[in-house]
$ cat query_10.tsv   # TSV, C-alpha atoms
chain	number	residue	atom	x	y	z
K	58	MET	CA	-94.48	-132.78	-6.56
K	59	PRO	CA	-94.26	-130.85	-3.25
K	60	GLU	CA	-94.20	-132.98	-0.13
K	61	ARG	CA	-96.98	-131.07	1.63
K	62	ARG	CA	-100.63	-130.88	0.62
K	63	SER	CA	-100.71	-127.17	1.45
K	64	GLN	CA	-98.08	-126.46	-1.22
K	65	LEU	CA	-99.98	-127.95	-4.15
K	66	SER	CA	-101.35	-125.85	-6.99
K	67	CYS	CA	-104.81	-126.54	-8.39
K	68	SER	CA	-103.43	-128.63	-11.25
K	69	GLN	CA	-101.22	-130.59	-8.86
K	70	ILE	CA	-104.25	-131.32	-6.66
K	71	GLU	CA	-106.03	-132.84	-9.65
K	72	ASP	CA	-102.92	-134.94	-10.40
K	73	LEU	CA	-102.82	-136.03	-6.74
K	74	HIS	CA	-106.43	-137.17	-6.85
K	75	GLN	CA	-105.81	-139.25	-9.97
K	76	VAL	CA	-102.81	-140.88	-8.30
K	77	LEU	CA	-104.82	-141.61	-5.14
K	78	VAL	CA	-107.61	-143.27	-7.12
K	79	GLY	CA	-105.02	-145.73	-8.39
K	80	ARG	CA	-103.37	-146.25	-5.01
K	81	VAL	CA	-106.63	-146.69	-3.12
K	82	GLY	CA	-107.92	-149.03	-5.80
K	83	GLY	CA	-104.74	-151.06	-5.37
K	84	LEU	CA	-105.61	-151.77	-1.74
K	85	ASN	CA	-108.38	-154.09	-2.97
K	86	LEU	CA	-110.62	-152.86	-0.19
K	87	CYS	CA	-113.02	-150.60	-1.96
K	88	SER	CA	-114.81	-152.25	-4.85
K	89	GLN	CA	-118.49	-151.33	-4.78
K	90	PRO	CA	-120.55	-154.50	-4.36
K	91	GLU	CA	-123.30	-155.12	-6.86
K	92	VAL	CA	-125.80	-154.90	-4.01
K	93	VAL	CA	-124.81	-151.25	-3.36
K	94	ALA	CA	-125.47	-150.34	-6.98
K	95	ARG	CA	-128.86	-152.07	-6.83
K	96	ILE	CA	-129.81	-150.31	-3.58
K	97	LEU	CA	-128.73	-146.94	-5.00
K	98	GLN	CA	-130.91	-147.63	-8.04
K	99	LEU	CA	-133.86	-148.45	-5.80
K	100	ASN	CA	-133.16	-145.33	-3.74
K	101	SER	CA	-133.55	-143.19	-6.87
K	102	ASN	CA	-136.89	-144.86	-7.64
K	103	PRO	CA	-139.65	-143.19	-5.58
K	104	SER	CA	-142.02	-146.09	-6.23
K	105	ALA	CA	-139.64	-148.73	-4.77
K	106	ALA	CA	-141.29	-150.55	-1.86
K	107	PHE	CA	-140.23	-152.74	1.07
K	108	ASN	CA	-140.43	-155.95	-0.93
K	109	ASP	CA	-138.07	-154.52	-3.59
K	110	TYR	CA	-135.41	-153.91	-0.94
K	111	ALA	CA	-136.08	-157.20	0.81
K	112	ARG	CA	-135.60	-159.02	-2.49
K	113	VAL	CA	-132.10	-157.51	-2.84
K	114	ILE	CA	-131.11	-157.88	0.81
K	115	ARG	CA	-132.28	-161.49	1.02
K	116	THR	CA	-129.42	-162.48	-1.32
K	117	ASP	CA	-126.97	-161.76	1.53
K	118	PRO	CA	-127.51	-163.92	4.63
K	119	GLY	CA	-125.00	-161.85	6.62
K	120	LEU	CA	-126.90	-158.59	6.18
K	121	THR	CA	-130.25	-160.34	6.65
K	122	GLY	CA	-129.12	-161.77	9.99
K	123	ARG	CA	-127.87	-158.43	11.26
K	124	LEU	CA	-131.03	-156.60	10.28
K	125	LEU	CA	-133.04	-159.21	12.16
K	126	LYS	CA	-130.80	-158.69	15.19
K	127	ILE	CA	-131.42	-154.93	15.10
K	128	ALA	CA	-135.17	-155.47	14.76
K	129	ASN	CA	-135.05	-157.67	17.88
K	130	SER	CA	-132.99	-155.18	19.91
K	131	ALA	CA	-134.34	-153.35	22.94
K	132	TYR	CA	-134.51	-150.17	20.86
K	133	TYR	CA	-137.56	-151.54	19.00
K	134	ALA	CA	-139.10	-153.24	22.06
K	135	GLN	CA	-140.96	-156.03	20.28
K	136	ARG	CA	-143.04	-158.36	22.46
K	137	LYS	CA	-142.55	-161.27	20.07
K	138	PRO	CA	-139.32	-162.21	18.29
K	139	VAL	CA	-138.97	-160.88	14.74
K	140	THR	CA	-138.10	-163.97	12.70
K	141	ASN	CA	-138.48	-162.97	9.04
K	142	LEU	CA	-136.92	-160.25	6.90
K	143	ASP	CA	-140.20	-158.84	5.61
K	144	ARG	CA	-141.36	-158.10	9.16
K	145	ALA	CA	-137.94	-156.63	10.03
K	146	CYS	CA	-138.09	-154.35	6.99
K	147	VAL	CA	-141.48	-153.00	8.00
K	148	LEU	CA	-140.36	-152.52	11.60
K	149	LEU	CA	-137.15	-150.71	10.67
K	150	GLY	CA	-138.88	-148.52	8.14
K	151	LEU	CA	-137.77	-147.74	4.61
K	152	GLU	CA	-135.42	-144.94	5.73
K	153	ARG	CA	-133.37	-147.08	8.09
K	154	LEU	CA	-133.50	-150.07	5.78
K	155	LYS	CA	-131.87	-148.10	2.98
K	156	ALA	CA	-129.34	-146.38	5.23
K	157	PHE	CA	-128.30	-149.50	7.15
K	158	SER	CA	-127.97	-151.58	3.99
K	159	LEU	CA	-125.82	-149.01	2.20
K	160	GLY	CA	-123.74	-148.44	5.33
K	161	PHE	CA	-123.18	-152.16	5.81
K	162	TYR	CA	-121.72	-152.65	2.34
K	163	LEU	CA	-119.71	-149.44	2.17
K	164	SER	CA	-118.08	-150.22	5.52
K	165	ARG	CA	-116.77	-153.47	4.02
K	166	ALA	CA	-113.98	-151.33	2.60
K	167	ALA	CA	-112.50	-150.96	6.08
K	168	ASP	CA	-109.20	-152.53	7.05
K	169	ARG	CA	-110.64	-154.97	9.57
K	170	ASP	CA	-107.29	-156.04	10.98
K	171	SER	CA	-106.24	-152.56	12.11
K	172	GLU	CA	-107.12	-151.41	15.63
K	173	PHE	CA	-106.94	-147.80	14.42
K	174	SER	CA	-109.32	-148.43	11.53
K	175	ARG	CA	-111.80	-150.23	13.80
K	176	ALA	CA	-111.74	-147.29	16.21
K	177	VAL	CA	-112.34	-144.86	13.34
K	178	TRP	CA	-115.31	-146.85	12.06
K	179	GLY	CA	-116.74	-147.12	15.56
K	180	GLN	CA	-116.79	-143.34	15.74
K	181	SER	CA	-118.09	-143.08	12.18
K	182	VAL	CA	-121.18	-145.11	13.03
K	183	LEU	CA	-121.96	-142.61	15.79
K	184	ARG	CA	-121.42	-139.71	13.37
K	185	ALA	CA	-123.82	-141.43	10.96
K	186	CYS	CA	-126.52	-141.75	13.62
K	187	LEU	CA	-126.08	-138.12	14.72
K	188	ALA	CA	-126.15	-136.87	11.12
K	189	ALA	CA	-129.33	-138.82	10.39
K	190	GLU	CA	-131.14	-137.44	13.43
K	191	LEU	CA	-130.05	-133.86	12.70
K	192	ALA	CA	-131.30	-134.33	9.14
K	193	ARG	CA	-134.58	-135.71	10.47
K	194	GLU	CA	-135.10	-132.32	12.11
K	195	SER	CA	-133.65	-129.97	9.47
K	196	CYS	CA	-134.11	-131.75	6.09
K	197	PRO	CA	-136.29	-134.81	6.70
K	198	MET	CA	-136.20	-135.98	3.08
K	199	MET	CA	-132.44	-136.51	3.37
K	200	VAL	CA	-132.18	-138.80	6.42
K	201	ILE	CA	-130.83	-141.76	4.45
K	202	GLU	CA	-128.27	-139.63	2.67
K	203	ALA	CA	-127.19	-138.00	5.94
K	204	PHE	CA	-126.59	-141.40	7.57
K	205	VAL	CA	-124.38	-142.58	4.70
K	206	ILE	CA	-122.53	-139.23	4.60
K	207	GLY	CA	-121.86	-139.39	8.34
K	208	LEU	CA	-120.54	-142.92	7.98
K	209	LEU	CA	-118.19	-141.92	5.15
K	210	LEU	CA	-116.81	-138.67	6.59
K	211	ASP	CA	-113.71	-140.42	7.93
K	212	SER	CA	-113.72	-143.30	5.46
K	213	GLY	CA	-110.30	-142.23	4.22
K	214	LEU	CA	-108.83	-141.94	7.71
K	215	GLY	CA	-108.52	-145.67	8.33
K	216	MET	CA	-106.54	-146.05	5.09
K	217	MET	CA	-103.98	-143.34	5.87
K	218	PRO	CA	-101.56	-145.72	7.70
K	219	GLN	CA	-101.60	-148.09	4.73
K	220	LEU	CA	-101.00	-145.30	2.23
K	221	LEU	CA	-98.41	-143.29	4.18
K	222	GLY	CA	-96.85	-145.93	6.43
K	223	GLU	CA	-94.56	-144.86	9.28
K	224	PRO	CA	-95.08	-141.07	8.91
K	225	TYR	CA	-98.70	-141.51	9.96
K	226	ASN	CA	-97.97	-143.37	13.17
K	227	GLY	CA	-97.01	-140.13	14.88
K	228	VAL	CA	-100.32	-138.57	13.81
K	229	ILE	CA	-102.20	-141.49	15.35
K	230	ASP	CA	-100.20	-141.21	18.58
K	231	ALA	CA	-100.91	-137.48	18.81
K	232	ASN	CA	-104.64	-138.26	19.18
K	233	LEU	CA	-105.79	-134.93	17.74
K	234	PRO	CA	-109.39	-133.69	17.58
K	235	PRO	CA	-110.91	-133.59	14.07
K	236	ASP	CA	-110.10	-130.00	13.08
K	237	GLU	CA	-106.50	-130.17	14.33
K	238	LEU	CA	-106.00	-133.57	12.69
K	239	PHE	CA	-107.08	-132.28	9.29
K	240	GLU	CA	-104.98	-129.12	9.62
K	241	HIS	CA	-101.92	-131.19	10.56
K	242	GLU	CA	-102.42	-133.44	7.53
K	243	PHE	CA	-102.91	-130.43	5.27
K	244	ASN	CA	-99.78	-128.65	6.44
K	245	HIS	CA	-97.37	-131.55	6.98
K	246	LEU	CA	-98.35	-134.54	4.81
K	247	GLU	CA	-98.63	-135.32	1.10
K	248	PHE	CA	-102.40	-135.62	1.24
K	249	THR	CA	-105.28	-135.61	3.73
K	250	HIS	CA	-107.83	-138.26	4.63
K	251	GLY	CA	-110.31	-136.02	2.78
K	252	ASP	CA	-108.35	-136.59	-0.42
K	253	VAL	CA	-108.50	-140.36	0.21
K	254	ALA	CA	-112.26	-140.15	0.80
K	255	ARG	CA	-112.61	-138.36	-2.54
K	256	ALA	CA	-110.77	-141.22	-4.23
K	257	LEU	CA	-113.11	-143.73	-2.56
K	258	ILE	CA	-116.16	-141.78	-3.70
K	259	HIS	CA	-114.82	-141.85	-7.26
K	260	LEU	CA	-114.20	-145.60	-7.12
K	261	TRP	CA	-117.62	-146.26	-5.62
K	262	ARG	CA	-119.29	-143.99	-8.22
K	263	LEU	CA	-121.44	-142.40	-5.53
K	264	PRO	CA	-123.89	-139.66	-6.57
K	265	GLU	CA	-123.04	-136.01	-5.89
K	266	ILE	CA	-125.59	-135.69	-3.09
K	267	LEU	CA	-123.52	-138.23	-1.10
K	268	GLY	CA	-120.05	-137.44	-2.38
K	269	LYS	CA	-119.85	-133.66	-2.19
K	270	PRO	CA	-120.70	-133.24	1.53
K	271	VAL	CA	-118.04	-135.86	2.34
K	272	GLU	CA	-115.47	-134.03	0.19
K	273	TRP	CA	-116.42	-130.67	1.73
K	274	HIS	CA	-116.83	-131.66	5.37
K	275	HIS	CA	-113.69	-129.76	6.48
K	276	VAL	CA	-114.69	-126.70	4.42
K	277	PRO	CA	-116.84	-124.34	6.53
K	278	PRO	CA	-120.15	-123.55	4.79
K	279	ALA	CA	-120.50	-119.88	3.95
K	280	ARG	CA	-123.19	-117.79	5.62
K	281	SER	CA	-124.81	-117.53	2.20
K	282	ALA	CA	-124.52	-121.28	1.60
K	283	ARG	CA	-127.01	-122.73	-0.84
K	284	PRO	CA	-130.36	-123.51	0.83
K	285	ASP	CA	-131.02	-126.71	-1.15
K	286	ASN	CA	-130.55	-130.25	0.17
K	287	LEU	CA	-126.90	-130.37	-0.86
K	288	GLY	CA	-126.22	-127.19	1.08
K	289	LYS	CA	-128.06	-128.51	4.15
K	290	LEU	CA	-126.16	-131.80	4.02
K	291	HIS	CA	-122.89	-129.85	3.76
K	292	ARG	CA	-123.77	-128.01	6.98
K	293	ILE	CA	-124.62	-131.25	8.76
K	294	ALA	CA	-121.46	-132.92	7.46
K	295	TYR	CA	-119.31	-130.02	8.67
K	296	ILE	CA	-120.91	-129.87	12.12
K	297	VAL	CA	-120.86	-133.62	12.70
K	298	GLY	CA	-117.39	-133.94	11.19
K	299	GLN	CA	-115.98	-131.36	13.61
K	300	THR	CA	-117.64	-132.98	16.63
K	301	ASP	CA	-115.10	-134.80	18.77
K	302	VAL	CA	-116.44	-138.25	19.60
K	303	ARG	CA	-113.19	-139.80	20.82
K	304	PRO	CA	-114.20	-142.15	23.65
K	305	PHE	CA	-111.39	-141.31	26.04
K	306	LEU	CA	-112.04	-137.65	26.84
K	307	SER	CA	-112.86	-136.92	30.45
K	308	PRO	CA	-116.53	-136.44	31.39
K	309	GLU	CA	-115.53	-133.21	33.13
K	310	GLU	CA	-115.25	-131.59	29.71
K	311	ALA	CA	-118.96	-132.08	29.11
K	312	SER	CA	-121.54	-129.33	29.24
K	313	PRO	CA	-125.24	-130.13	28.82
K	314	THR	CA	-126.19	-126.67	27.55
K	315	MET	CA	-126.26	-125.46	23.99
K	316	PRO	CA	-126.50	-121.87	22.75
K	317	ALA	CA	-129.87	-120.64	21.54
K	318	ARG	CA	-128.05	-119.40	18.42
K	319	THR	CA	-127.89	-123.00	17.22
K	320	SER	CA	-131.21	-122.47	15.47
K	321	ASP	CA	-129.62	-119.75	13.33
K	322	LEU	CA	-127.51	-122.41	11.60
K	323	LEU	CA	-129.71	-125.49	11.35
K	324	GLU	CA	-133.03	-123.64	11.64
K	325	ILE	CA	-134.17	-125.90	14.46
K	326	SER	CA	-134.51	-125.16	18.15
K	327	GLN	CA	-132.00	-126.03	20.85
K	328	GLU	CA	-134.50	-128.44	22.39
K	329	ARG	CA	-134.90	-130.34	19.11
K	330	ILE	CA	-131.13	-130.58	18.62
K	331	VAL	CA	-130.67	-131.96	22.14
K	332	GLY	CA	-133.39	-134.49	21.35
K	333	ALA	CA	-131.69	-135.40	18.07
K	334	ILE	CA	-128.42	-136.09	19.90
K	335	ALA	CA	-130.17	-138.33	22.42
K	336	ARG	CA	-131.93	-140.25	19.65
K	337	GLY	CA	-128.70	-140.56	17.70
K	338	ILE	CA	-126.90	-142.16	20.63
K	339	ALA	CA	-129.84	-144.48	21.30
K	340	GLU	CA	-129.82	-145.49	17.64
K	341	TYR	CA	-126.07	-146.09	17.86
K	342	ARG	CA	-126.65	-148.64	20.62
K	343	ALA	CA	-129.10	-150.48	18.36
K	344	VAL	CA	-127.12	-150.48	15.10
K	345	ILE	CA	-123.47	-150.84	16.16
K	346	ASP	CA	-123.75	-154.64	15.93
K	347	LEU	CA	-124.40	-154.22	12.20
K	348	PHE	CA	-120.79	-153.07	11.92
K	349	SER	CA	-119.26	-155.29	14.61
K	350	ASP	CA	-116.66	-156.87	12.35
K	351	VAL	CA	-115.21	-153.53	11.25
K	352	ALA	CA	-115.90	-151.19	14.18
K	353	THR	CA	-114.94	-150.97	17.84
K	354	GLN	CA	-117.96	-150.01	19.94
K	355	LEU	CA	-117.73	-146.76	21.87
K	356	THR	CA	-118.15	-146.97	25.63
K	357	ASN	CA	-119.37	-144.53	28.30
K	358	LEU	CA	-122.37	-143.62	26.16
K	359	ASN	CA	-124.16	-142.20	29.20
K	360	THR	CA	-121.65	-139.35	29.40
K	361	LEU	CA	-121.21	-139.08	25.65
K	362	ALA	CA	-124.52	-137.29	24.97
K	363	SER	CA	-123.65	-134.20	27.00
K	364	ARG	CA	-120.10	-134.12	25.62
K	365	VAL	CA	-121.40	-134.30	22.04
K	366	GLN	CA	-123.76	-131.42	22.82
K	367	LYS	CA	-120.77	-129.33	23.87
K	368	GLN	CA	-118.78	-130.31	20.78
K	369	LEU	CA	-121.70	-129.51	18.49
K	370	ALA	CA	-122.15	-126.19	20.24
K	371	ASP	CA	-118.46	-125.37	19.75
K	372	SER	CA	-118.64	-126.20	16.03
K	373	ILE	CA	-121.78	-124.15	15.56
K	374	ASP	CA	-120.30	-121.25	17.52
K	375	THR	CA	-117.27	-121.34	15.25
K	376	LEU	CA	-119.45	-121.19	12.16
K	377	LEU	CA	-121.61	-118.36	13.45
K	378	GLU	CA	-118.78	-116.26	14.87
K	379	HIS	CA	-116.03	-116.82	12.33
K	380	GLY	CA	-117.52	-118.52	9.32
K	381	GLY	CA	-115.67	-121.76	10.05
K	382	GLY	CA	-112.30	-123.06	11.17
K	383	ALA	CA	-110.40	-122.10	14.28
K	384	ARG	CA	-109.60	-118.57	13.12
K	385	PRO	CA	-111.64	-115.51	12.08
K	386	GLU	CA	-112.66	-115.73	8.42
K	387	VAL	CA	-111.42	-113.24	5.83
K	388	VAL	CA	-113.72	-112.71	2.85
K	389	GLU	CA	-112.80	-110.80	-0.32
K	390	ARG	CA	-115.04	-110.18	-3.36
K	391	PHE	CA	-114.01	-109.44	-6.94
K	392	LEU	CA	-116.28	-108.32	-9.78
K	393	GLN	CA	-115.79	-108.09	-13.56
K	394	GLY	CA	-118.91	-107.37	-15.57
K	395	GLU	CA	-121.44	-109.91	-14.31
K	396	THR	CA	-118.83	-112.35	-12.99
K	397	LEU	CA	-118.54	-112.29	-9.20
K	398	LEU	CA	-115.81	-114.17	-7.32
K	399	GLU	CA	-115.64	-114.54	-3.57
K	400	ALA	CA	-112.45	-115.67	-1.79
K	401	ARG	CA	-112.38	-116.98	1.78
K	402	ARG	CA	-109.25	-117.70	3.82
K	403	GLN	CA	-109.10	-121.13	5.40
K	404	PRO	CA	-107.15	-122.70	8.29
K	405	GLY	CA	-103.59	-123.41	7.20
K	406	GLY	CA	-103.39	-120.32	4.97
K	407	SER	CA	-105.19	-121.68	1.90
K	408	TRP	CA	-108.01	-119.86	0.12
K	409	ILE	CA	-111.28	-121.02	-1.41
K	410	ALA	CA	-112.50	-119.10	-4.45
K	411	TYR	CA	-116.23	-119.30	-5.20
K	412	LEU	CA	-118.03	-118.38	-8.41
K	413	CYS	CA	-121.24	-116.65	-7.31
K	414	ASP	CA	-124.49	-115.82	-9.02
K	415	GLY	CA	-126.24	-112.47	-8.70
K	416	THR	CA	-127.73	-113.40	-5.31
K	417	GLY	CA	-124.38	-114.46	-3.87
K	418	GLU	CA	-125.12	-118.20	-4.04
K	419	HIS	CA	-122.01	-120.32	-4.63
K	420	LEU	CA	-122.06	-122.09	-8.00
K	421	ALA	CA	-118.55	-123.59	-8.04
K	422	GLN	CA	-115.44	-123.55	-5.85
K	423	VAL	CA	-111.72	-124.26	-5.90
K	424	THR	CA	-109.13	-124.40	-3.09
K	425	PHE	CA	-105.64	-123.03	-3.71
K	426	GLN	CA	-102.48	-121.71	-2.05
K	427	ILE	CA	-101.43	-118.18	-3.02
K	428	ALA	CA	-97.81	-119.15	-3.53
K	429	HIS	CA	-98.79	-121.84	-6.01
K	430	ALA	CA	-101.90	-120.30	-7.59
K	431	ASP	CA	-102.35	-121.22	-11.25
K	432	ILE	CA	-104.67	-118.93	-13.23
K	433	ARG	CA	-105.62	-121.57	-15.77
K	434	SER	CA	-106.39	-124.23	-13.13
K	435	ILE	CA	-108.55	-121.81	-11.14
K	436	ARG	CA	-110.38	-120.75	-14.30
K	437	GLU	CA	-111.08	-124.34	-15.38
K	438	SER	CA	-112.14	-125.42	-11.88
K	439	LEU	CA	-114.67	-122.57	-11.75
K	440	GLY	CA	-115.91	-123.24	-15.28
K	441	LEU	CA	-114.91	-119.78	-16.56
K	442	SER	CA	-113.52	-118.73	-19.96
K	443	ASP	CA	-110.15	-117.13	-20.61
K	444	ALA	CA	-111.98	-113.78	-20.80
K	445	GLU	CA	-112.09	-113.93	-16.97
K	446	ASP	CA	-108.30	-114.38	-16.63
K	447	PRO	CA	-107.79	-110.68	-15.72
K	448	LEU	CA	-110.34	-111.01	-12.92
K	449	ILE	CA	-108.69	-114.17	-11.58
K	450	ARG	CA	-105.23	-112.60	-11.85
K	451	SER	CA	-106.45	-109.51	-9.99
K	452	MET	CA	-107.87	-111.71	-7.23
K	453	VAL	CA	-104.64	-113.67	-6.86
K	454	ASP	CA	-102.54	-110.48	-6.84
K	455	GLN	CA	-104.68	-108.79	-4.19
K	456	LEU	CA	-104.72	-111.88	-1.97
K	457	SER	CA	-100.95	-112.15	-2.39
K	458	ASN	CA	-100.52	-108.52	-1.32
K	459	ARG	CA	-102.72	-109.15	1.72
K	460	ALA	CA	-100.58	-112.15	2.68
K	461	ALA	CA	-97.41	-110.09	2.30

$ encode --input "query_10.tsv" --output "structure tokens"
Amino acid sequence: MPERRSQLSCSQIEDLHQVLVGRVGGLNLCSQPEVVARILQLNSNPSAAFNDYARVIRTDPGLTGRLLKIANSAYYAQRKPVTNLDRACVLLGLERLKAFSLGFYLSRAADRDSEFSRAVWGQSVLRACLAAELARESCPMMVIEAFVIGLLLDSGLGMMPQLLGEPYNGVIDANLPPDELFEHEFNHLEFTHGDVARALIHLWRLPEILGKPVEWHHVPPARSARPDNLGKLHRIAYIVGQTDVRPFLSPEEASPTMPARTSDLLEISQERIVGAIARGIAEYRAVIDLFSDVATQLTNLNTLASRVQKQLADSIDTLLEHGGGARPEVVERFLQGETLLEARRQPGGSWIAYLCDGTGEHLAQVTFQIAHADIRSIRESLGLSDAEDPLIRSMVDQLSNRAA
């Protein structure tokens, strides 16, 4: 197998993911607790009430104690101490109760003895809070899912040193922003932290609505991205995932203004996005103690809000101007009968091929490198029949000629 992720064919990528499931499972860090399965079941039941969740949570004194601590924090400004779980559940609200409980258990997979992993999880909690508040404005029925997605975006990052050993120490020392970090992994390492996150999602048996945005969070959403909840969560995952929340950037880099064009992407006003960022950071202050044994708390939160605004603006500008990534996007379309394929060039030289319906909505996708493109793998990944092989071959040949 090639030594670099960027050199893998589609079939080799599938082989890699199967290998990673075994390797990640061997770390004994990622078994899904029974409580997570029970909360996910409750989450899929629209008639589940506070007492149903409280009944599950009450079986874990550690989680119960931390939820009580959050309910008694300054964020909720209670005049009298909150001393029982039922009252805490009502105060937190069903949304936060679900999100915090899921986040608490899923974060147990972290390597708690690693300073790097603790720093990653500290940033991930902030991403979770930001994602939830952006969802509250743009897709309010998906706030819980957005929180969990934000928390899991970098869930594979803390495991990279354990899986790769010494070669990853240099990556840590380089202290790269999110987009450059992923591109470095893609071009120089055997696999990326996104591949590890995919393995975790498989082991945890998470539903698609949570798993896919985490898998796709370094893939820029297309301008014609699906308008359903999964498409909206993909946009939020990409924007939040590209936002640089490293705690040691200088405040001078901050800019409190955001472009009015932001509303073109998330369909909410600049004022509402600024408010969402402020609420997300306030929520972070309240909930970080829930993750205190796996996460290092971020500091300088007073300057962080304006810096996050700038980072979000940069990510949104990139999407609107180029379609994603650090470079202008190249889009090619290929048609055979009623089968429409769309190919988009990505950072690092890879391509994503999409199967589209008659309106241009993306139905399926596959990432590949031209030099290692495999017609059969592409066909199977897109769910096509061998009758479409000429179309796929034509696409690969034309993209190869463009690259040459």

$ closest_residue --input "query_10.tsv" --among "K:Glu395, K:Arg329, K:Glu247, K:Val81" --to "Gln69 in chain K" --atoms "only C-alpha atoms"
K:Glu247

$ closest_residue --input "query_10.tsv" --among "K:Gly83, K:Pro235, K:Gly288, K:Gly394" --to "Leu210 in chain K" --atoms "all atoms listed in the file"
K:Pro235

$ axis_aligned_box --input "query_10.tsv" --around "range 132-136 of chain K" --padding-each-side "4 Å" --output "lines of an AutoDock Vina configuration file"
center_x = -138.8
center_y = -154.3
center_z = 20.7
size_x = 16.5
size_y = 16.2
size_z = 11.5

$ closest_residue --input "query_10.tsv" --among "K:Ser101, K:Asn232, K:Ser158, K:Gln219" --to "His250 in chain K" --atoms "only C-alpha atoms"
K:Gln219

$ atom_distance --input "query_10.tsv" --atom1 "CA of Leu263 in chain K" --atom2 "CA of Val93 in chain K"
9.7 Å

$ closest_residue --input "query_10.tsv" --among "K:Met198, K:Ala192, K:Leu159, K:Leu125" --to "Pro103 in chain K" --atoms "all atoms listed in the file"
K:Met198

$ atom_distance --input "query_10.tsv" --atom1 "CA of Leu151 in chain K" --atom2 "CA of Tyr133 in chain K"
14.9 Å

$ closest_residue --input "query_10.tsv" --among "K:Ala185, K:Ile206, K:Cys67, K:Val253" --to "Gly337 in chain K" --atoms "only C-alpha atoms"
K:Ala185

$ closest_residue --input "query_10.tsv" --among "K:Thr396, K:Thr300, K:Gln426, K:Ser104" --to "Leu441 in chain K" --atoms "all atoms listed in the file"
K:Thr396

$ closest_atom_pairs --input "query_10.tsv" --of "range 140-223 of chain K" --to "range 108-121 of chain K" --cutoff "9 Å" --atoms "all atoms listed in the file" --output "Markdown table"
| residue | atom | partner | partner_atom | distance |
| --- | --- | --- | --- | --- |
| K:Asn141 | CA | K:Thr121 | CA | 9.0 |
| K:Leu142 | CA | K:Thr121 | CA | 6.7 |
| K:Asp143 | CA | K:Ala111 | CA | 6.5 |
| K:Cys146 | CA | K:Ala111 | CA | 7.1 |
| K:Leu151 | CA | K:Tyr110 | CA | 8.6 |
| K:Leu154 | CA | K:Tyr110 | CA | 8.0 |
| K:Lys155 | CA | K:Tyr110 | CA | 7.9 |
| K:Ser158 | CA | K:Leu120 | CA | 7.4 |
| K:Phe161 | CA | K:Leu120 | CA | 7.4 |
| K:Tyr162 | CA | K:Leu120 | CA | 8.8 |

$ residues_around --input "query_10.tsv" --residues "Glu152 in chain K" --least-positions-apart "5" --cutoff "12 Å" --atoms "only C-alpha atoms" --output "JSON, numbers by chain"
{"K": [100, 105, 106, 107, 110, 146, 147, 157, 158, 159, 189, 190, 192, 193, 197, 198, 199, 200, 201, 202, 203, 204, 205]}

$ residues_around --input "query_10.tsv" --residues "Gln393 in chain K" --least-positions-apart "4" --cutoff "9 Å" --atoms "all atoms listed in the file" --output "PyMOL selection string"
chain K and resi 397-398+445+447-448

$ atom_distance --input "query_10.tsv" --atom1 "CA of Arg62 in chain K" --atom2 "CA of Arg433 in chain K"
19.5 Å
